Structures are given as C-alpha cells and as structure tokens.
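Single-structure report; data block below.
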Amino acid sequence: MSNRVEILGLYKDLETAAAAAEALVQGGFSEKEITSISSGPYPDGVIVKDEGRSFLRWISLAGGMMGAGFGFLLAAGTAWLYPLHTGDKPIISLFPVGIITFEFMMLFAILGTIGGMFLEMGLPGFKNKVYDPGISQGLIGISVSCQDGAQQNKAVEILQGAGAVKIRNEGQP
Amino acid sequence: MSMSDEEDLTPEKVEAVQQDLTSSMNPPTWKWFLLSGFLGLVVIWGAIAWGYQIRMGLGVAGINLPVMWGFYIVSFVFWVGLSHSGTMVSAILRLTKAEWRRPILRGAEAMTVFAIMVAGTFPLIHLGRPWKLLYFLPIPNQRGLWPNFRSPLLWDIMAITVYIIGSSLFLYLGMLPDLAIVRDRSSGWRKKLYSMLAMGWRGTAHEWRVFARASTLMAVLIIPVAVSVHSIVSWDFAMTLVPGWHSTIFAPYFVIGAIFSGVAAVITLMVIIRKAFHLEAYLRPIHFDNMGKILLTVSLLWSYFYFAEILTTWYGHKPIEWEVFIFTGEKYCFLLGLMVLGNSFITIPALCFKRIRRSVPAMLLISLFVNVGMFIERFLIIVPILSHRNVPFIWGDYRPTWVEVSIMVAAFAGFALLYTLFAKFFPIVSINDMLEGEHFKSEARLGRAKLKTIITDE
C-alpha cells in the first residue's frame, strides 16, 4: 500500500509560484491537494484555491451562547439558589445579571474564536510537516500532497519544471 | 529601505523589511540596559512603597473620609482609559481596512495589554489588604461569602478580566505569523520559545484564510468589550447618588475620554518607537496626519460632552450639584484650566492644521498635553466631588502622600518597562501586516498618469 507524502517546491516570485500551481492542476492534481505556503496572505485564487468550508463563526456563536448561559447561571442562578433579601430589592436583578451575562458571553465568544481558529488550522502542529525557513524570507512554497512512488515523481518533475529553486519532501530535516 | 519602492516583493525586499522591523530585537545595547535598569529600579521603589502600605495599613496613604478614593482610583481610571484605545483603534482600522493602519496596529495592541495590566493592579493596591480580592471571586469558601453581582465594583472585575484576556488574545492572534518569522530567524532558546508560541504555523493558504476570518471576528468581538469596560468603570461612579457623578451621560463621556487619552498615547508611543528603532520609513507623516485627524475628532467629541454636562448643570442650577462645580472651579482653578487647555483649547485649533498633524515633534507635544489633561480630568472627577459632598460637616481635603506618588510613578515606569521588554522580544511593528500591504500594492495607468492602487480581495 502506498502512503501519502507532501512535496514542497520553493519559488522566488508570485508569478512562477502561481504557474507551478497551475501546472500541477494541469498535471492531474486536484485543487484540494495543492496549497501555497507564504510569509504573507494572498487573496483566494491568486496562487491556489482554498475551497474548504469554515465553521469559525458558528464556533464563536456557540461559545458566546455557552458564555451567556454560564454568566446567567452564575449571576441569576446562584442568587436564586441562595436567596438573600436586601430591602425590597429583587433576588434576581435583571440589569446586573444582564451585565454579567454579557461579559461572559463575550469572553466565551472570544475563547471560542481563538479555539476554533486553531481547530480549523489544525494547530498546534509540532509534527515535522514539510516547510522551509526560506518561506519566511520571501520564497513562496507550493506544496502538493500525493501518493509516494510514480505520483510523487510526477509532482517533483512538475514543480522543478515550473522553476522551483528548491524541492523538499515531508520529513526532510 | 523605502516602502514606496515600486518593484515586486522579491525575497531581498522581504528580507530588508524583516530586518528593519525586527531591529528592536537586536542584542541589547548598554543604553537599553541603562533604561531598563532605571525603569526596574523605579518599579522596585513602587513595590517597596506598596509593601510599606501593606505593613503599616492604608493610613500611610492620603485617602481619608470623605475622600476615600484618591490617586489609586485616579490612576486606575486613567490607565483603563489608556488601554481602551489601542485595541479599539486597531479593531476599527482592521474592520474598515484602512491601508495606513499597518505600522500602528501592533504598538497600539501591546499598549492596551500593558495599560490594562497596570490598571488592574490599582484596585488591588487600593484594597489595602490585597489578599481579600479572593472574596470577589465566585469561589465557594468556608465563610460562606459569595460575590454580590449587583455591585458595579464586581462588574468592573469581570469586565477588566474579560478585557485583559480578550486584548491579550487579540495581540497574540495578530502576532502568530510574525512569531513564525522570528522563529525561522532565531536560534537557541529563542527558537524554542518562538516555535512554541508559533504553534507550528507554516503560512499555508488555509491557515491564512482562517487567520483572516479570526482576525475580523476578534475585531468585531473586542469593540463591545472595550466599550463595556469603560462604561462599567463610569458606572462605579454613576451608580452612586453622589452629586456630579450620578449622571446618565457618564458612560459615553467616559468612553470618549478613554478613546481620547488612548489615541494620544498611541501617538506618543508611535513617536518613541519611530525614533528608538529608526522606523522613519514605516511610521511616516501620513500616519501622524491620520491619527491627528482621529485625535481631533475625539477631542471635539470630548469637548462637546463636557460642555453638555456643564450646561445642563448650570441651567438646572440644582444647589448641591452647582456647589460641587463652583468648588471645583474655585479650588482647582489651575488644574481645571490646564485640563481645558490640554484637551480642547490647544488640541482642537492645533490639529486643524495639516502641517502640525504631519510634524512629529508637534504631535508628540500635543499627545502629551492631552494625556496630562486627561489625568487631571480623572483627578477632578474624583477628588473635588468626594471632598465636597452633600453634607458640609464632612467636607474634607486630600493630599497624596509619598506612598501614593511613588506607586503612581512606578506604574508609569512599569508600563514603560513592559513595553521595552516586549519590543526586545517581539516585533513592535507587525511584519505580516506590512508584507500584506506590499503584496496588495499596485500601479494603474489613468489617462497620462500612473497612480498607486491597492488591490482588494472583494
């Protein structure tokens, strides 16, 4: 059985990197198998297309709702469980409860956003994934996920043919 | 190098930008050690003063009955105000995609985190016995005490905790790609540290896409939190029935005041960062010009709120409230004049002129004026009102002692020290934001002219 490996080609500029991605698509690789690695963001489609769906907003919303529930229970629930009568004030006072609910809603929404972001990115990822420090210095990487063997050779050939200054394999130090 | 070079973003150019923007992280010089040592000593002096207060009791501070809120609470409100604007300005500029935002964001976000950290220590100091803070937290304890969620002081603790966590995460989020860059440029223990903080970021298209989404979402979420924090600080005052405090306008007035002092502080820091790290090519006159316009707008708003508050009190002429105003005007005439000069009469006319807004020394001066004015404003909101409340037989006076002054000065030094250390370990200008701006820069021919354009992804 063959394994999937990631091959990375490094390019000096945007145009050659985009041409390499295009050559991979022409060579039979799907958009899903190709990604760019760069030190700065490019709009979707400039180098590669990232077609995956994002659930980040929903995760934030879920976090916010959980936080609101928690805040409400903390302020109103505990007051209701252990009632303390002060003057003619209500046991559950809506405005203060609203403020505590709001603060926890925002806190959990923020935590949800950060947590969701890492979840969607697949980070933390301390495993030795294919990467080159040259990317931080301005090189643009085109990475392709392929079967080892014939498909791997084909990917290397395409990446080299497109003018890669360097080719790296997954696991290479 | 100049950021206006027209060629493509080559690896050489990227390297040059990175070198410029990580220059603050170069090995420390003797000047850096001297500065950090001095700031550290001032902080230690402040800590000794605090220790002395804990040992001897709150009596060593100038606070008394009726002025039970003095320099500590003045400083608390001032620092919360400063913290307000960094994240907020950054979030608004991110959401509106203002191109000129890029070199300002990191410094502003870091300012927020350190200012709110400094602010958070003041209620602890003011408590006298700081370990009693435990009873503010909703933790079941043997004494059967539970926080009173109806108290604005508790809302304050909640809001500030949320803001510290939120603004720290906002700062960290923006730094994530930069941490990967410095990871790749460093070695030894620094590499280990940055590798851990970068969480294995590589910069794949997917990571960038999720990063952009998360940045926008965080910007949206942090704005209401920032507004709530200073609103709640104002409600510490406005929820009481004290004349001069019990006002519906207090929350928006505090929020505007906070943005005002925060924007001024961002400008002050921009000038210092620019000079200290030779970032003249990045923090250009256009950035001061635009920040000057924001400062002018907020100054006008602050003046408007202040005028509306005074006008209503003057016209209504309710004896108790008017007495407080008259007392403030008579006893604190000099401070009042200084505040109005710094916040309105100097700032507004000066900032109307483009030449002044584009002059770095002038902007430094104005921003300092504003923050002196805003510190005085915090003082005038608290001290005169408490010393001259409803019942004349408990009218009193307040003079800060050496303990309070030491702690207040140490807070400024602590803030500066945190900022200095931050700049030594992390890029103080966002590299990824600057590179993103360069990626999207382009030129278009229109008629006979060749104009600079910005490509957007919409």
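Chains: A, B, ... in order of the structure tokens. Residues: from 1 per chain. Ligands: from 1, in order shown.
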
Write out as a PDB file with N, CA, C and O atoms, in the first residue's frame each polymer residue whose atoms come within 6 Å of stretch 173-186 of chain B, counting only C-alpha atoms; drop sequence neighbours fewer than 2 positions from it.
ATOM      1  N   PRO A 133      12.549  27.283   5.984  1.00  0.00           N
ATOM      2  CA  PRO A 133      12.669  28.632   6.577  1.00  0.00           C
ATOM      3  C   PRO A 133      12.795  29.731   5.512  1.00  0.00           C
ATOM      4  O   PRO A 133      12.529  30.900   5.800  1.00  0.00           O
ATOM      5  N   SER A 136       9.942  32.207   5.147  1.00  0.00           N
ATOM      6  CA  SER A 136       9.917  33.425   5.967  1.00  0.00           C
ATOM      7  C   SER A 136      10.717  34.541   5.325  1.00  0.00           C
ATOM      8  O   SER A 136      10.521  35.718   5.633  1.00  0.00           O
TER       9      SER A 136
ATOM     10  N   LEU B 169      -5.324  38.029  23.842  1.00  0.00           N
ATOM     11  CA  LEU B 169      -5.516  37.079  22.730  1.00  0.00           C
ATOM     12  C   LEU B 169      -5.529  37.808  21.386  1.00  0.00           C
ATOM     13  O   LEU B 169      -5.038  37.292  20.380  1.00  0.00           O
ATOM     14  N   PHE B 170      -6.077  39.018  21.385  1.00  0.00           N
ATOM     15  CA  PHE B 170      -6.113  39.821  20.157  1.00  0.00           C
ATOM     16  C   PHE B 170      -4.687  40.160  19.711  1.00  0.00           C
ATOM     17  O   PHE B 170      -4.346  40.076  18.535  1.00  0.00           O
ATOM     18  N   LEU B 171      -3.860  40.517  20.700  1.00  0.00           N
ATOM     19  CA  LEU B 171      -2.454  40.815  20.412  1.00  0.00           C
ATOM     20  C   LEU B 171      -1.740  39.557  19.919  1.00  0.00           C
ATOM     21  O   LEU B 171      -1.019  39.583  18.914  1.00  0.00           O
ATOM     22  N   LYS B 191      14.663  30.287  19.648  1.00  0.00           N
ATOM     23  CA  LYS B 191      13.987  29.483  18.629  1.00  0.00           C
ATOM     24  C   LYS B 191      12.957  28.561  19.287  1.00  0.00           C
ATOM     25  O   LYS B 191      11.834  28.420  18.798  1.00  0.00           O
ATOM     26  N   TYR B 194       9.970  30.753  20.429  1.00  0.00           N
ATOM     27  CA  TYR B 194       9.117  31.196  19.323  1.00  0.00           C
ATOM     28  C   TYR B 194       8.424  30.015  18.636  1.00  0.00           C
ATOM     29  O   TYR B 194       7.298  30.146  18.152  1.00  0.00           O
ATOM     30  N   SER B 195       9.118  28.847  18.592  1.00  0.00           N
ATOM     31  CA  SER B 195       8.487  27.661  17.989  1.00  0.00           C
ATOM     32  C   SER B 195       7.249  27.288  18.792  1.00  0.00           C
ATOM     33  O   SER B 195       6.211  26.964  18.226  1.00  0.00           O
ATOM     34  N   ALA B 198       4.595  29.984  18.170  1.00  0.00           N
ATOM     35  CA  ALA B 198       4.068  29.992  16.793  1.00  0.00           C
ATOM     36  C   ALA B 198       3.168  28.800  16.537  1.00  0.00           C
ATOM     37  O   ALA B 198       2.449  28.769  15.534  1.00  0.00           O
TER      38      ALA B 198
END

Using only C-alpha atoms, which protein or nucleic acid residues come within 9 Å of B:Phe305? Drop anything in the same chain fewer than 2 positions from it, and give the result as a PyMOL selection string. chain B and resi 249+252-253+256+300-303+307-310

Name all residues at most 10 Å from stretch 25-32 of chain B (count only C-alpha atoms; drop same-chain ones fewer than 5 positions away) and give them as a list in words. Gln19, Gly37, Phe38, Val182, Phe277, Thr420, Leu421, Phe422, Ala423, Lys424, Phe425, Phe426, Pro427 and Ile428 of chain B

Neighbours of stretch 121-130 of chain B within 7 Å (only C-alpha atoms; same-chain residues fewer than 4 positions away dropped), as a CSV table (one decimal) with N, CA and C atoms, in the first residue's frame?
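In the end it all went to out_10.csv:
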chain,number,residue,atom,x,y,z
B,54,ILE,N,1.1,48.0,52.9
B,54,ILE,CA,0.5,46.7,53.3
B,54,ILE,C,0.9,46.5,54.8
B,57,GLY,N,-0.6,49.7,56.9
B,57,GLY,CA,-2.0,50.0,56.7
B,57,GLY,C,-2.3,51.2,55.8
B,58,LEU,N,-3.6,51.3,55.4
B,58,LEU,CA,-3.9,52.3,54.4
B,58,LEU,C,-3.7,53.7,54.9
B,72,TYR,N,-5.0,56.3,43.7
B,72,TYR,CA,-5.1,54.9,43.2
B,72,TYR,C,-6.2,54.8,42.2
B,73,ILE,N,-7.3,55.3,42.6
B,73,ILE,CA,-8.5,55.2,41.7
B,73,ILE,C,-8.4,56.1,40.5
B,76,PHE,N,-6.2,54.3,38.3
B,76,PHE,CA,-6.9,53.1,37.8
B,76,PHE,C,-7.8,53.6,36.6
B,117,MET,N,-3.0,45.9,32.3
B,117,MET,CA,-2.3,45.1,33.4
B,117,MET,C,-2.0,46.1,34.5

Could you make a table, as a Markdown table, of the residues of chain B that have an atom within 6 Å of an atom of chain A, each with its nearest atom pair and distance in Å to one decimal, counting only C-alpha atoms, in chain and number order?
| residue | atom | partner | partner_atom | distance |
| --- | --- | --- | --- | --- |
| B:Pro11 | CA | A:Gly138 | CA | 4.1 |
| B:Val14 | CA | A:Gly138 | CA | 5.4 |
| B:Glu15 | CA | A:Gln137 | CA | 5.4 |
| B:Arg150 | CA | A:Pro96 | CA | 5.3 |
| B:Val162 | CA | A:Leu107 | CA | 5.6 |
| B:Ile181 | CA | A:Ser136 | CA | 5.2 |
| B:Asp184 | CA | A:Pro133 | CA | 5.4 |
| B:Met199 | CA | A:Pro124 | CA | 4.5 |
| B:Gly200 | CA | A:Gly125 | CA | 4.7 |
| B:Gly203 | CA | A:Ile37 | CA | 5.0 |
| B:Thr204 | CA | A:Ile37 | CA | 4.2 |
| B:Ala205 | CA | A:Ser36 | CA | 5.4 |
| B:Glu207 | CA | A:Met121 | CA | 5.4 |
| B:Trp208 | CA | A:Pro41 | CA | 5.7 |
| B:Asn432 | CA | A:Gly40 | CA | 5.8 |
| B:Leu435 | CA | A:Gly40 | CA | 6.0 |
| B:Glu436 | CA | A:Gly40 | CA | 5.5 |
| B:Asp457 | CA | A:Pro43 | CA | 5.4 |

Take the residues from that selection and write them out as an mmCIF file, in the first residue's frame, keeping N, CA, C and O atoms.
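Once everything was written out, this is result27.cif:
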data_model
loop_
_atom_site.group_PDB
_atom_site.id
_atom_site.type_symbol
_atom_site.label_atom_id
_atom_site.label_comp_id
_atom_site.auth_asym_id
_atom_site.auth_seq_id
_atom_site.Cartn_x
_atom_site.Cartn_y
_atom_site.Cartn_z
ATOM 1 N N PRO B 11 12.351 38.275 -2.597
ATOM 2 C CA PRO B 11 12.883 37.813 -1.315
ATOM 3 C C PRO B 11 13.842 38.816 -0.690
ATOM 4 O O PRO B 11 13.872 38.969 0.538
ATOM 5 N N VAL B 14 11.740 41.432 0.974
ATOM 6 C CA VAL B 14 11.110 40.860 2.175
ATOM 7 C C VAL B 14 12.134 40.817 3.307
ATOM 8 O O VAL B 14 11.847 41.197 4.445
ATOM 9 N N GLU B 15 13.337 40.370 2.962
ATOM 10 C CA GLU B 15 14.409 40.278 3.959
ATOM 11 C C GLU B 15 14.710 41.657 4.555
ATOM 12 O O GLU B 15 14.863 41.802 5.774
ATOM 13 N N ARG B 150 -24.714 42.471 42.147
ATOM 14 C CA ARG B 150 -25.421 43.748 41.952
ATOM 15 C C ARG B 150 -24.495 44.946 42.123
ATOM 16 O O ARG B 150 -24.878 46.067 41.874
ATOM 17 N N VAL B 162 -12.176 40.101 31.540
ATOM 18 C CA VAL B 162 -12.512 39.751 30.150
ATOM 19 C C VAL B 162 -11.653 40.568 29.179
ATOM 20 O O VAL B 162 -11.139 40.043 28.184
ATOM 21 N N ILE B 181 7.934 33.899 11.700
ATOM 22 C CA ILE B 181 9.065 34.560 11.020
ATOM 23 C C ILE B 181 10.257 34.668 11.964
ATOM 24 O O ILE B 181 11.371 34.308 11.603
ATOM 25 N N ASP B 184 11.971 31.396 12.515
ATOM 26 C CA ASP B 184 12.877 30.988 11.430
ATOM 27 C C ASP B 184 14.160 31.813 11.410
ATOM 28 O O ASP B 184 15.140 31.408 10.797
ATOM 29 N N MET B 199 3.191 27.821 17.408
ATOM 30 C CA MET B 199 2.264 26.669 17.359
ATOM 31 C C MET B 199 2.365 25.857 16.067
ATOM 32 O O MET B 199 1.398 25.222 15.666
ATOM 33 N N GLY B 200 3.477 25.952 15.391
ATOM 34 C CA GLY B 200 3.631 25.187 14.155
ATOM 35 C C GLY B 200 3.042 25.880 12.927
ATOM 36 O O GLY B 200 2.750 25.241 11.918
ATOM 37 N N GLY B 203 2.019 29.024 7.324
ATOM 38 C CA GLY B 203 1.594 30.036 6.356
ATOM 39 C C GLY B 203 0.946 29.431 5.132
ATOM 40 O O GLY B 203 1.074 29.955 4.028
ATOM 41 N N THR B 204 0.250 28.303 5.317
ATOM 42 C CA THR B 204 -0.461 27.715 4.173
ATOM 43 C C THR B 204 -1.637 28.619 3.810
ATOM 44 O O THR B 204 -2.089 29.431 4.649
ATOM 45 N N ALA B 205 -2.147 28.423 2.598
ATOM 46 C CA ALA B 205 -3.279 29.253 2.137
ATOM 47 C C ALA B 205 -4.454 29.110 3.105
ATOM 48 O O ALA B 205 -5.139 30.091 3.419
ATOM 49 N N GLU B 207 -4.320 28.292 6.329
ATOM 50 C CA GLU B 207 -4.030 28.984 7.596
ATOM 51 C C GLU B 207 -4.284 30.490 7.453
ATOM 52 O O GLU B 207 -4.875 31.110 8.327
ATOM 53 N N TRP B 208 -3.837 31.052 6.335
ATOM 54 C CA TRP B 208 -4.028 32.495 6.123
ATOM 55 C C TRP B 208 -5.504 32.855 6.048
ATOM 56 O O TRP B 208 -5.931 33.895 6.554
ATOM 57 N N ASN B 432 3.814 40.814 9.245
ATOM 58 C CA ASN B 432 2.875 40.225 8.279
ATOM 59 C C ASN B 432 1.905 41.255 7.726
ATOM 60 O O ASN B 432 1.520 41.198 6.553
ATOM 61 N N LEU B 435 3.878 43.243 5.128
ATOM 62 C CA LEU B 435 4.096 42.475 3.899
ATOM 63 C C LEU B 435 2.788 42.319 3.123
ATOM 64 O O LEU B 435 2.780 42.371 1.896
ATOM 65 N N GLU B 436 1.696 42.157 3.864
ATOM 66 C CA GLU B 436 0.396 42.047 3.202
ATOM 67 C C GLU B 436 0.115 43.319 2.393
ATOM 68 O O GLU B 436 -0.340 43.265 1.251
ATOM 69 N N ASP B 457 -9.431 42.058 -2.040
ATOM 70 C CA ASP B 457 -9.884 40.711 -2.392
ATOM 71 C C ASP B 457 -11.406 40.643 -2.514
ATOM 72 O O ASP B 457 -12.001 39.596 -2.380
#

Assign secondary structure with DSSP using the backbone only, and return the residues of stretch 14-139 of chain A in helix (DSSP H, G or I) as number ranges by chain. A: 14-26, 31-33, 56-81, 94-121, 133-137

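Those residues that approach stretch 161-165 of chain A to within 10 Å, counting only C-alpha atoms, are Leu8, Gly9, Leu10, Tyr11, Lys12, Thr16, Ala17, Ala18, Ala19, Ala20, Ala21, Glu22, Ala23, Leu24, Leu139, Ile140, Gly141, Ile142, Ala155 and Val156 of chain A; same-chain residues fewer than 5 positions away are not listed.
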
What does the file look like for those residues with N, CA and C atoms, as a short mmCIF file (atom, residue, chain, number, x, y, z; two decimals), in the first residue's frame?
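Contents of again31.cif, as written:
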data_model
loop_
_atom_site.label_atom_id
_atom_site.label_comp_id
_atom_site.auth_asym_id
_atom_site.auth_seq_id
_atom_site.Cartn_x
_atom_site.Cartn_y
_atom_site.Cartn_z
N LEU A 8 7.23 19.87 -1.45
CA LEU A 8 7.21 21.34 -1.47
C LEU A 8 8.22 21.89 -2.47
N GLY A 9 7.73 22.74 -3.35
CA GLY A 9 8.62 23.45 -4.27
C GLY A 9 8.69 24.90 -3.87
N LEU A 10 9.88 25.48 -3.90
CA LEU A 10 10.02 26.88 -3.48
C LEU A 10 10.31 27.77 -4.68
N TYR A 11 9.62 28.91 -4.72
CA TYR A 11 9.72 29.81 -5.88
C TYR A 11 10.07 31.22 -5.42
N LYS A 12 10.75 31.89 -6.34
CA LYS A 12 11.26 33.23 -5.98
C LYS A 12 10.19 34.31 -6.05
N THR A 16 5.86 32.76 -10.81
CA THR A 16 6.31 31.37 -11.01
C THR A 16 5.60 30.42 -10.06
N ALA A 17 5.31 30.90 -8.85
CA ALA A 17 4.58 30.05 -7.89
C ALA A 17 3.18 29.75 -8.42
N ALA A 18 2.51 30.79 -8.92
CA ALA A 18 1.17 30.60 -9.47
C ALA A 18 1.22 29.68 -10.68
N ALA A 19 2.28 29.82 -11.51
CA ALA A 19 2.41 28.96 -12.71
C ALA A 19 2.64 27.51 -12.28
N ALA A 20 3.38 27.30 -11.19
CA ALA A 20 3.61 25.93 -10.70
C ALA A 20 2.30 25.30 -10.23
N ALA A 21 1.49 26.09 -9.52
CA ALA A 21 0.19 25.59 -9.05
C ALA A 21 -0.69 25.22 -10.25
N GLU A 22 -0.66 26.08 -11.25
CA GLU A 22 -1.46 25.84 -12.46
C GLU A 22 -0.97 24.57 -13.17
N ALA A 23 0.36 24.39 -13.23
CA ALA A 23 0.93 23.21 -13.89
C ALA A 23 0.53 21.93 -13.14
N LEU A 24 0.46 22.01 -11.83
CA LEU A 24 0.03 20.83 -11.04
C LEU A 24 -1.42 20.48 -11.35
N LEU A 139 10.45 33.51 -0.01
CA LEU A 139 10.18 32.49 -1.03
C LEU A 139 8.72 32.05 -0.89
N ILE A 140 8.14 31.61 -2.00
CA ILE A 140 6.76 31.13 -1.93
C ILE A 140 6.78 29.63 -2.20
N GLY A 141 6.17 28.89 -1.29
CA GLY A 141 6.16 27.45 -1.44
C GLY A 141 4.87 26.97 -2.08
N ILE A 142 5.01 25.96 -2.97
CA ILE A 142 3.82 25.27 -3.48
C ILE A 142 3.94 23.84 -3.00
N ALA A 155 5.00 14.79 -9.44
CA ALA A 155 4.87 16.08 -8.75
C ALA A 155 6.21 16.81 -8.72
N VAL A 156 7.28 16.07 -8.40
CA VAL A 156 8.61 16.68 -8.34
C VAL A 156 8.99 17.23 -9.72
#

Could you pull the residues within 9 Å of B:Ile160, counting only C-alpha atoms, minus those fewer than 3 positions along the same chain, as a PyMOL selection string? chain B and resi 80+116+119-120+155-157+163-165+229

Who sits within 10 Å of B:Ile48, only C-alpha atoms, same chain under 6 positions skipped, as a list in words: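 Near B:Ile48, the qualifying residues are Val42, Ile54, Val403, Ser406 and Ile407 of chain B.
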
Requested write-out: C-alpha atoms of the selected residues, as an mmCIF file, in the first residue's frame:
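The file below, part.cif, is the result:
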data_model
loop_
_atom_site.group_PDB
_atom_site.id
_atom_site.type_symbol
_atom_site.label_atom_id
_atom_site.label_comp_id
_atom_site.auth_asym_id
_atom_site.auth_seq_id
_atom_site.Cartn_x
_atom_site.Cartn_y
_atom_site.Cartn_z
ATOM 1 C CA VAL B 42 11.555 52.826 39.879
ATOM 2 C CA ILE B 54 0.529 46.708 53.345
ATOM 3 C CA VAL B 403 3.493 56.324 49.072
ATOM 4 C CA SER B 406 5.733 56.567 44.404
ATOM 5 C CA ILE B 407 3.239 53.918 43.338
#

Report the distance between atom CA of B:Asn64 and atom CA of B:Ile382 in Å, rounded to one decimal place.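 About the pair atom CA of B:Asn64 and atom CA of B:Ile382: they are 13.1 Å apart.
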
From the list B:Leu134, B:Leu418, B:Met68, B:Met363, which residue is nearest B:Val118 when using only C-alpha atoms?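 Residue with the minimum atom-to-atom distance to B:Val118: B:Leu418.
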
One decimal, in Å: what's the spacing between atom CA of A:Ile7 and atom CA of A:Arg53? 24.2 Å
